[in-house]
$ cat work.tsv   # TSV, C-alpha atoms
chain	number	residue	atom	x	y	z
N	1	MET	CA	16.87	-14.35	35.53
N	2	HIS	CA	14.33	-14.09	38.35
N	3	PHE	CA	11.14	-12.07	38.05
N	4	ALA	CA	10.03	-12.03	41.69
N	5	LEU	CA	9.50	-8.34	42.39
N	6	THR	CA	11.38	-6.58	45.15
N	7	THR	CA	9.58	-4.60	47.84
N	8	GLU	CA	10.46	-1.40	45.99
N	9	GLN	CA	9.09	-2.76	42.72
N	10	HIS	CA	5.84	-3.78	44.41
N	11	MET	CA	5.60	-0.20	45.68
N	12	ILE	CA	6.12	1.12	42.13
N	13	VAL	CA	3.36	-1.12	40.79
N	14	ASP	CA	0.96	-0.18	43.60
N	15	THR	CA	1.70	3.54	43.17
N	16	VAL	CA	1.16	3.52	39.42
N	17	ARG	CA	-1.94	1.35	39.58
N	18	GLY	CA	-3.42	3.57	42.27
N	19	PHE	CA	-2.73	6.66	40.16
N	20	VAL	CA	-4.28	5.04	37.09
N	21	GLU	CA	-7.43	3.98	38.91
N	22	SER	CA	-7.97	7.26	40.78
N	23	GLU	CA	-6.68	9.86	38.31
N	24	LEU	CA	-7.20	8.32	34.83
N	25	TYR	CA	-10.12	5.85	34.90
N	26	PRO	CA	-12.70	8.52	35.89
N	27	TYR	CA	-12.07	10.51	32.70
N	28	GLU	CA	-11.98	7.72	30.13
N	29	ASP	CA	-15.63	8.05	29.09
N	30	GLU	CA	-15.31	11.83	28.70
N	31	VAL	CA	-12.20	11.49	26.52
N	32	GLU	CA	-13.90	8.82	24.44
N	33	ARG	CA	-16.96	11.02	23.92
N	34	LEU	CA	-15.00	14.18	23.07
N	35	ASP	CA	-12.19	12.47	21.14
N	36	ASP	CA	-10.00	14.90	23.02
N	37	VAL	CA	-8.42	15.59	26.40
N	38	PRO	CA	-9.43	19.10	27.52
N	39	LYS	CA	-6.34	21.23	28.15
N	40	GLU	CA	-7.32	21.90	31.76
N	41	LEU	CA	-7.59	18.16	32.42
N	42	ALA	CA	-4.28	17.40	30.65
N	43	ASP	CA	-2.51	20.08	32.69
N	44	GLU	CA	-4.02	18.74	35.92
N	45	ILE	CA	-2.98	15.14	35.22
N	46	ARG	CA	0.55	16.21	34.33
N	47	ARG	CA	0.74	18.31	37.49
N	48	LYS	CA	-0.35	15.36	39.62
N	49	ALA	CA	2.05	13.04	37.78
N	50	VAL	CA	4.94	15.41	38.49
N	51	ALA	CA	3.92	15.74	42.14
N	52	SER	CA	3.70	11.95	42.53
N	53	GLY	CA	7.14	11.39	40.97
N	54	LEU	CA	5.74	9.42	38.03
N	55	TYR	CA	6.43	12.04	35.38
N	56	ALA	CA	9.71	11.50	33.50
N	57	ALA	CA	10.38	8.40	35.60
N	58	ASN	CA	12.45	7.13	32.65
N	59	MET	CA	14.94	9.99	32.91
N	60	PRO	CA	18.14	10.02	35.02
N	61	ALA	CA	17.71	11.11	38.62
N	62	GLU	CA	20.64	13.53	38.37
N	63	LEU	CA	18.67	15.44	35.74
N	64	GLY	CA	15.51	15.53	37.81
N	65	GLY	CA	13.86	12.40	36.46
N	66	GLY	CA	12.71	9.33	38.34
N	67	GLY	CA	15.82	7.32	37.52
N	68	LEU	CA	13.99	4.03	37.00
N	69	ASP	CA	15.81	1.30	35.09
N	70	ALA	CA	14.46	-0.53	32.05
N	71	PHE	CA	12.78	-3.31	34.04
N	72	ASP	CA	11.08	-0.92	36.46
N	73	MET	CA	9.92	1.29	33.59
N	74	THR	CA	8.38	-1.76	31.94
N	75	LEU	CA	6.38	-2.34	35.11
N	76	VAL	CA	5.28	1.30	34.97
N	77	GLU	CA	4.29	1.01	31.30
N	78	ARG	CA	2.39	-2.19	32.04
N	79	GLU	CA	0.27	-0.51	34.72
N	80	LEU	CA	-0.29	2.63	32.67
N	81	GLY	CA	-1.39	0.42	29.80
N	82	ARG	CA	-4.56	-0.38	31.71
N	83	ALA	CA	-5.87	3.14	31.02
N	84	SER	CA	-6.93	5.08	27.96
N	85	TYR	CA	-3.84	5.87	25.91
N	86	ALA	CA	-4.80	9.53	25.56
N	87	LEU	CA	-4.63	9.80	29.36
N	88	GLN	CA	-1.72	7.52	30.16
N	89	MET	CA	0.61	9.28	27.72
N	90	LEU	CA	0.31	12.40	29.87
N	91	VAL	CA	2.19	10.65	32.67
N	92	THR	CA	5.44	9.30	31.21
N	93	ARG	CA	6.80	11.85	28.77
N	94	PRO	CA	9.45	12.88	27.60
N	95	SER	CA	10.98	10.67	24.89
N	96	ASN	CA	14.10	8.71	25.84
N	97	ILE	CA	15.89	9.99	22.76
N	98	LEU	CA	16.19	13.44	24.36
N	99	GLN	CA	19.03	12.08	26.44
N	100	ALA	CA	21.12	12.68	23.31
N	101	CYS	CA	20.81	16.45	23.92
N	102	ARG	CA	24.10	18.28	24.31
N	103	ASP	CA	25.28	21.74	25.42
N	104	GLU	CA	22.54	24.39	25.19
N	105	GLN	CA	20.01	21.78	24.05
N	106	ILE	CA	19.97	20.45	27.60
N	107	ASP	CA	18.62	23.69	29.07
N	108	ALA	CA	16.40	24.47	26.08
N	109	TYR	CA	14.78	21.06	25.59
N	110	LEU	CA	15.84	18.21	27.88
N	111	LEU	CA	15.47	19.78	31.33
N	112	PRO	CA	12.19	21.62	30.59
N	113	ALA	CA	10.80	18.36	29.18
N	114	ILE	CA	11.77	16.47	32.34
N	115	ARG	CA	10.10	19.14	34.48
N	116	GLY	CA	6.93	18.90	32.39
N	117	GLU	CA	7.28	22.46	31.11
N	118	ARG	CA	7.79	21.49	27.45
N	119	HIS	CA	6.41	18.53	25.53
N	120	ASP	CA	7.88	16.70	22.55
N	121	CYS	CA	6.61	14.62	19.68
N	122	LEU	CA	8.64	12.41	17.37
N	123	ALA	CA	8.35	12.85	13.59
N	124	MET	CA	9.57	9.90	11.59
N	125	THR	CA	6.74	8.45	9.48
N	126	GLU	CA	5.87	9.87	6.05
N	127	PRO	CA	3.14	9.07	3.52
N	128	GLY	CA	5.67	7.05	1.50
N	129	ALA	CA	7.91	5.93	4.34
N	130	GLY	CA	6.22	3.96	7.08
N	131	SER	CA	7.84	0.60	7.71
N	132	ASP	CA	10.67	1.53	5.31
N	133	VAL	CA	12.03	4.55	7.19
N	134	ARG	CA	15.14	4.66	4.98
N	135	SER	CA	12.94	5.81	2.10
N	136	MET	CA	11.92	9.06	3.81
N	137	ARG	CA	11.93	12.08	1.52
N	138	THR	CA	11.88	14.97	3.98
N	139	ARG	CA	15.20	16.69	3.41
N	140	ALA	CA	17.35	19.04	5.43
N	141	GLU	CA	19.81	20.98	3.26
N	142	ARG	CA	22.73	22.77	4.91
N	143	ASP	CA	22.76	26.53	4.29
N	144	GLY	CA	25.47	28.28	6.27
N	145	ASP	CA	24.71	27.98	9.98
N	146	ASP	CA	21.22	26.60	9.28
N	147	TYR	CA	19.45	23.65	7.74
N	148	VAL	CA	16.48	24.25	5.44
N	149	VAL	CA	13.83	21.54	5.72
N	150	ASN	CA	11.18	20.59	3.19
N	151	GLY	CA	8.81	17.63	3.37
N	152	ILE	CA	5.77	16.11	5.02
N	153	LYS	CA	5.38	13.83	8.04
N	154	HIS	CA	2.16	12.07	8.97
N	155	PHE	CA	0.78	9.80	11.70
N	156	ILE	CA	2.73	11.94	14.18
N	157	SER	CA	1.27	11.21	17.60
N	158	HIS	CA	0.09	14.10	19.82
N	159	ALA	CA	1.92	16.73	17.73
N	160	ASP	CA	-1.01	19.05	18.43
N	161	GLN	CA	0.03	19.06	22.11
N	162	ALA	CA	3.77	19.35	21.54
N	163	ASP	CA	6.01	22.39	21.97
N	164	PHE	CA	8.77	20.93	19.84
N	165	VAL	CA	9.39	18.14	17.36
N	166	ILE	CA	12.15	15.53	17.30
N	167	LEU	CA	12.45	15.45	13.53
N	168	PHE	CA	14.21	12.87	11.37
N	169	ALA	CA	15.16	14.11	7.91
N	170	ARG	CA	17.47	13.06	5.12
N	171	THR	CA	20.79	14.90	4.88
N	172	GLY	CA	22.68	13.67	1.83
N	173	PRO	CA	22.89	9.87	1.95
N	174	GLY	CA	22.13	9.69	5.69
N	175	ILE	CA	19.39	10.58	8.15
N	176	THR	CA	19.80	13.27	10.80
N	177	ALA	CA	17.74	14.20	13.87
N	178	PHE	CA	16.75	17.78	14.73
N	179	LEU	CA	14.93	19.62	17.51
N	180	VAL	CA	12.33	21.93	15.95
N	181	ASP	CA	10.06	24.29	17.89
N	182	THR	CA	6.47	23.99	16.66
N	183	ASP	CA	6.22	27.78	16.18
N	184	THR	CA	9.17	27.80	13.75
N	185	PRO	CA	8.26	29.63	10.50
N	186	GLY	CA	7.72	27.14	7.69
N	187	LEU	CA	6.34	24.40	9.97
N	188	SER	CA	2.59	23.78	10.10
N	189	VAL	CA	0.81	21.19	12.25
N	190	ARG	CA	-2.70	19.97	11.61
N	191	ARG	CA	-4.88	17.17	12.92
N	192	GLY	CA	-4.94	14.05	10.78
N	193	SER	CA	-7.95	11.89	9.97
N	194	PRO	CA	-10.00	10.61	12.92
N	195	CYS	CA	-8.94	7.15	14.10
N	196	VAL	CA	-11.12	4.40	15.59
N	197	SER	CA	-8.31	3.46	18.00
N	198	HIS	CA	-7.25	5.51	21.04
N	199	ARG	CA	-9.69	8.38	20.72
N	200	GLY	CA	-8.30	11.57	22.18
N	201	TYR	CA	-4.77	10.55	21.20
N	202	HIS	CA	-4.42	12.43	17.94
N	203	GLN	CA	-2.38	11.71	14.86
N	204	CYS	CA	-1.17	14.79	13.02
N	205	GLU	CA	0.41	15.89	9.76
N	206	LEU	CA	3.49	18.11	9.81
N	207	SER	CA	4.39	20.14	6.75
N	208	PHE	CA	7.84	21.71	6.37
N	209	THR	CA	8.19	24.42	3.73
N	210	ASP	CA	11.61	26.10	3.61
N	211	CYS	CA	11.69	25.67	7.38
N	212	ARG	CA	14.99	27.09	8.63
N	213	ILE	CA	16.56	25.30	11.63
N	214	PRO	CA	19.80	26.48	13.28
N	215	ALA	CA	22.56	23.88	13.13
N	216	ARG	CA	22.83	24.04	16.94
N	217	GLN	CA	19.44	22.28	17.06
N	218	ARG	CA	20.77	19.20	15.32
N	219	LEU	CA	20.45	16.22	17.67
N	220	GLY	CA	23.60	14.15	17.43
N	221	GLU	CA	25.96	14.10	14.49
N	222	GLU	CA	24.89	14.66	10.91
N	223	GLY	CA	23.99	11.36	9.29
N	224	ALA	CA	23.75	9.55	12.65
N	225	GLY	CA	19.99	9.86	13.01
N	226	PHE	CA	19.31	6.25	12.08
N	227	GLU	CA	21.41	5.03	15.01
N	228	LEU	CA	19.45	7.28	17.39
N	229	MET	CA	16.23	6.06	15.82
N	230	ALA	CA	17.17	2.39	16.15
N	231	GLU	CA	18.04	2.87	19.83
N	232	TRP	CA	14.68	4.52	20.49
N	233	LEU	CA	12.68	1.92	18.56
N	234	GLY	CA	13.82	-0.97	20.77
N	235	SER	CA	12.56	0.62	23.98
N	236	SER	CA	9.47	1.92	22.18
N	237	ARG	CA	8.51	-1.56	21.00
N	238	LEU	CA	9.05	-2.88	24.50
N	239	ALA	CA	6.69	-0.17	25.78
N	240	VAL	CA	4.02	-1.28	23.29
N	241	ALA	CA	4.40	-4.85	24.56
N	242	ALA	CA	4.10	-3.71	28.17
N	243	THR	CA	1.01	-1.57	27.58
N	244	SER	CA	-0.56	-4.44	25.62
N	245	VAL	CA	-0.01	-6.72	28.61
N	246	GLY	CA	-1.52	-4.20	31.01
N	247	ARG	CA	-4.60	-3.64	28.87
N	248	ALA	CA	-5.04	-7.37	28.29
N	249	ARG	CA	-4.98	-7.91	32.06
N	250	ARG	CA	-7.78	-5.38	32.54
N	251	VAL	CA	-9.82	-6.97	29.76
N	252	LEU	CA	-9.38	-10.44	31.24
N	253	GLU	CA	-10.45	-9.21	34.67
N	254	SER	CA	-13.61	-7.67	33.21
N	255	ALA	CA	-14.42	-10.77	31.15
N	256	THR	CA	-13.85	-13.09	34.10
N	257	GLN	CA	-16.13	-11.07	36.37
N	258	TRP	CA	-18.83	-11.02	33.68
N	259	ALA	CA	-18.53	-14.75	33.07
N	260	ALA	CA	-18.79	-15.46	36.80
N	261	THR	CA	-21.92	-13.33	37.35
N	262	ARG	CA	-23.83	-13.46	34.06
N	263	GLU	CA	-26.32	-16.37	34.16
N	264	GLN	CA	-27.94	-18.31	31.35
N	265	PHE	CA	-29.76	-21.62	31.52
N	266	GLY	CA	-29.62	-21.54	35.32
N	267	GLN	CA	-25.86	-21.13	35.78
N	268	SER	CA	-23.04	-18.66	35.23
N	269	ILE	CA	-21.81	-18.60	31.64
N	270	GLY	CA	-18.28	-19.25	32.87
N	271	ARG	CA	-19.32	-22.82	33.67
N	272	PHE	CA	-19.94	-23.55	30.00
N	273	GLN	CA	-16.85	-24.84	28.24
N	274	GLY	CA	-17.38	-22.40	25.36
N	275	THR	CA	-16.74	-19.55	27.77
N	276	GLY	CA	-14.48	-21.17	30.36
N	277	PHE	CA	-12.03	-22.39	27.74
N	278	LYS	CA	-11.84	-18.91	26.24
N	279	LEU	CA	-10.87	-17.55	29.65
N	280	ALA	CA	-8.24	-20.26	30.01
N	281	ASP	CA	-6.73	-19.40	26.62
N	282	MET	CA	-6.82	-15.68	27.42
N	283	LEU	CA	-4.92	-16.16	30.68
N	284	THR	CA	-2.36	-18.48	29.09
N	285	GLU	CA	-1.61	-16.04	26.27
N	286	LEU	CA	-1.46	-13.15	28.71
N	287	GLU	CA	1.05	-14.88	30.96
N	288	ALA	CA	3.20	-15.86	27.98
N	289	ALA	CA	3.14	-12.28	26.65
N	290	GLU	CA	4.11	-10.91	30.05
N	291	LEU	CA	7.02	-13.31	30.41
N	292	LEU	CA	8.36	-12.43	26.95
N	293	THR	CA	8.02	-8.73	27.78
N	294	LEU	CA	9.70	-8.96	31.19
N	295	ARG	CA	12.48	-11.09	29.75
N	296	ALA	CA	13.22	-8.47	27.10
N	297	ALA	CA	13.09	-5.73	29.76
N	298	TRP	CA	15.52	-7.64	31.96
N	299	LYS	CA	17.90	-8.06	29.02
N	300	LEU	CA	17.61	-4.37	28.15
N	301	GLY	CA	18.65	-3.54	31.70
N	302	GLN	CA	21.63	-5.89	31.33
N	303	GLY	CA	22.60	-4.29	28.03
N	304	SER	CA	21.96	-7.51	26.11
N	305	MET	CA	18.50	-6.98	24.56
N	306	THR	CA	18.57	-7.57	20.81
N	307	ASP	CA	16.24	-6.30	18.11
N	308	GLN	CA	14.90	-9.85	17.99
N	309	ASP	CA	14.02	-9.77	21.72
N	310	ALA	CA	12.07	-6.52	21.38
N	311	ALA	CA	10.40	-7.73	18.19
N	312	MET	CA	9.22	-10.99	19.76
N	313	ALA	CA	7.79	-9.19	22.78
N	314	LYS	CA	6.01	-6.57	20.69
N	315	LEU	CA	4.72	-9.10	18.16
N	316	PHE	CA	3.36	-11.62	20.64
N	317	ALA	CA	1.96	-9.17	23.19
N	318	SER	CA	0.17	-6.99	20.62
N	319	GLU	CA	-1.32	-9.97	18.79
N	320	ALA	CA	-2.29	-11.65	22.08
N	321	LEU	CA	-4.09	-8.44	23.07
N	322	GLY	CA	-6.05	-8.59	19.82
N	323	ARG	CA	-7.14	-12.17	20.46
N	324	ILE	CA	-7.93	-11.51	24.12
N	325	THR	CA	-10.12	-8.49	23.38
N	326	ASP	CA	-11.90	-10.41	20.62
N	327	HIS	CA	-12.65	-13.26	23.03
N	328	ALA	CA	-13.90	-10.71	25.55
N	329	VAL	CA	-16.40	-9.28	23.06
N	330	GLN	CA	-17.67	-12.81	22.44
N	331	ILE	CA	-18.03	-13.49	26.17
N	332	PHE	CA	-19.96	-10.26	26.71
N	333	GLY	CA	-22.12	-11.02	23.68
N	334	GLY	CA	-24.19	-8.11	22.39
N	335	MET	CA	-23.19	-5.95	25.36
N	336	GLY	CA	-19.58	-6.29	24.28
N	337	LEU	CA	-20.32	-4.04	21.30
N	338	MET	CA	-22.31	-1.42	23.19
N	339	THR	CA	-20.68	1.88	24.15
N	340	GLU	CA	-22.26	1.49	27.59
N	341	LEU	CA	-19.32	-0.78	28.47
N	342	PRO	CA	-15.61	-0.22	27.68
N	343	ILE	CA	-15.15	-3.63	26.02
N	344	GLU	CA	-15.79	-2.34	22.50
N	345	ARG	CA	-13.24	0.42	23.14
N	346	PHE	CA	-10.62	-2.11	24.26
N	347	TRP	CA	-11.37	-4.12	21.11
N	348	ARG	CA	-10.96	-1.09	18.80
N	349	ASP	CA	-7.90	0.23	20.60
N	350	ALA	CA	-6.15	-3.15	20.41
N	351	ARG	CA	-6.08	-3.11	16.61
N	352	VAL	CA	-3.50	-0.36	16.20
N	353	GLU	CA	-0.93	-2.06	18.44
N	354	ARG	CA	-0.13	-4.47	15.60
N	355	ILE	CA	0.65	-1.55	13.29
N	356	TRP	CA	2.49	1.29	15.01
N	357	ASP	CA	6.10	1.12	16.17
N	358	GLY	CA	6.64	-1.49	13.47
N	359	THR	CA	3.93	-3.71	12.03
N	360	SER	CA	3.64	-7.37	12.97
N	361	GLU	CA	5.10	-8.19	9.56
N	362	ILE	CA	8.16	-6.04	10.28
N	363	GLN	CA	8.62	-7.78	13.64
N	364	ARG	CA	8.45	-11.19	11.95
N	365	HIS	CA	11.00	-9.98	9.41
N	366	ILE	CA	13.37	-8.92	12.20
N	367	ILE	CA	12.93	-12.25	14.00
N	368	SER	CA	13.35	-14.43	10.94
N	369	ARG	CA	16.35	-12.42	9.71
N	370	ALA	CA	18.11	-12.90	13.05
N	371	LEU	CA	17.25	-16.60	12.97
N	372	LEU	CA	18.67	-17.13	9.50
N	373	ARG	CA	21.70	-14.87	9.75
N	374	PRO	CA	24.06	-17.46	11.33
N	375	TYR	CA	23.40	-19.74	8.36
N	376	GLY	CA	24.00	-17.05	5.77
N	377	GLY	CA	20.29	-16.93	4.90
$ encode --input "work.tsv" --output "structure tokens"
Amino acid sequence: MHFALTTEQHMIVDTVRGFVESELYPYEDEVERLDDVPKELADEIRRKAVASGLYAANMPAELGGGGLDAFDMTLVERELGRASYALQMLVTRPSNILQACRDEQIDAYLLPAIRGERHDCLAMTEPGAGSDVRSMRTRAERDGDDYVVNGIKHFISHADQADFVILFARTGPGITAFLVDTDTPGLSVRRGSPCVSHRGYHQCELSFTDCRIPARQRLGEEGAGFELMAEWLGSSRLAVAATSVGRARRVLESATQWAATREQFGQSIGRFQGTGFKLADMLTELEAAELLTLRAAWKLGQGSMTDQDAAMAKLFASEALGRITDHAVQIFGGMGLMTELPIERFWRDARVERIWDGTSEIQRHIISRALLRPYGG
């Protein structure tokens, strides 16, 4: 296991970082102010991402995607993580789970998504089923050649920008995945409550009322949705870890520059142990988080990543990001809380990483369960 990057991987990192700095950074303040990404801007970023080869880099090359492996995609996610989430998410769609498409679903959903012509969202969470996804109540009842869906999903990211939904619903004792166009009668999408984290990246509520879905739009076998979900969650948690590492790196760079140039009592504040030691702790945690993340990515590429590996990377990286951004606010002092600088935004945005894609408590449960299992605990 050797993490020295190849020439090609250095090129990937340089390409993505250059794109982030030139095409995403300039719009962060506007997105923060509007709590939205104007459609013209979103279309332009997606167009440039497609032209640069970054869009759908996670998808197989034979289908028109970038064909990057798990380790290379983690490098991409790390670099994209430096930017506002509302902007960076425009670059890497579609969802990996769409590779489960079969037959006519490929032409109707998968290929248009890879080309950037259609955009998906994933609907799993419900008001009463967050961490405990098995308790979801949205149901899909078979009726001839259709399924009829009733229920509510919430905290569904960027559903207001999606053309179709990857829906998980209960079918009998199991859970099944479906592809649902957002203009399907019986489905309504509305913006959820404003969030202090990741402004411009909206959470939505989806309501299904006697929503009729043709059986041909079922994704995978009936009752096999949980297996599809579990496969997606591992890579999703790894992506959260990678973006946390990227954002933490940007925060550390900003805090270090401030500490080196801000003077008090006749010297830079970085020379005081109270500040210098914070920087040392920030770097140490960042390096540890990156190593855990890259190790999990390497194992995913080898086909040996476990739920425990993904959980440890997501847990440590997201919590390290929280501590690093908090230290940064302290180093910047009062200016760290002013909207004139992005530090307060990094601090707010960091908080949600410990909640979505499985809370820190869920990750600890996964880790401890795997640790105790060999002993029958």
$ atom_distance --input "work.tsv" --atom1 "atom CA of N:Arg139" --atom2 "atom CA of N:Ser236"
24.6 Å
$ closest_atom_pairs --input "work.tsv" --of "stretch 228-328 of chain N" --to "stretch 100-110 of chain N" --cutoff "12 Å" --atoms "only C-alpha atoms" --output "Markdown table"
| residue | atom | partner | partner_atom | distance |
| --- | --- | --- | --- | --- |
| N:Leu228 | CA | N:Ala100 | CA | 8.2 |
| N:Met229 | CA | N:Ala100 | CA | 11.1 |
| N:Glu231 | CA | N:Ala100 | CA | 10.9 |
| N:Trp232 | CA | N:Ala100 | CA | 10.8 |
$ write_last_selection --input "work.tsv" --atoms "C-alpha atoms" --output "tab-separated table (two decimals), in the coordinates of the input"
chain	number	residue	atom	x	y	z
N	228	LEU	CA	19.45	7.28	17.39
N	229	MET	CA	16.23	6.06	15.82
N	231	GLU	CA	18.04	2.87	19.83
N	232	TRP	CA	14.68	4.52	20.49
$ closest_residue --input "work.tsv" --among "N:Ile213, N:Leu238, N:Ala123, N:Leu321" --to "N:Val251" --atoms "all atoms listed in the file"
N:Leu321
$ atom_distance --input "work.tsv" --atom1 "atom CA of N:Val196" --atom2 "atom CA of N:Gln363"
23.3 Å
$ closest_residue --input "work.tsv" --among "N:Leu283, N:Val37, N:Ile362, N:Ala242" --to "N:Ala313" --atoms "only C-alpha atoms"
N:Ala242
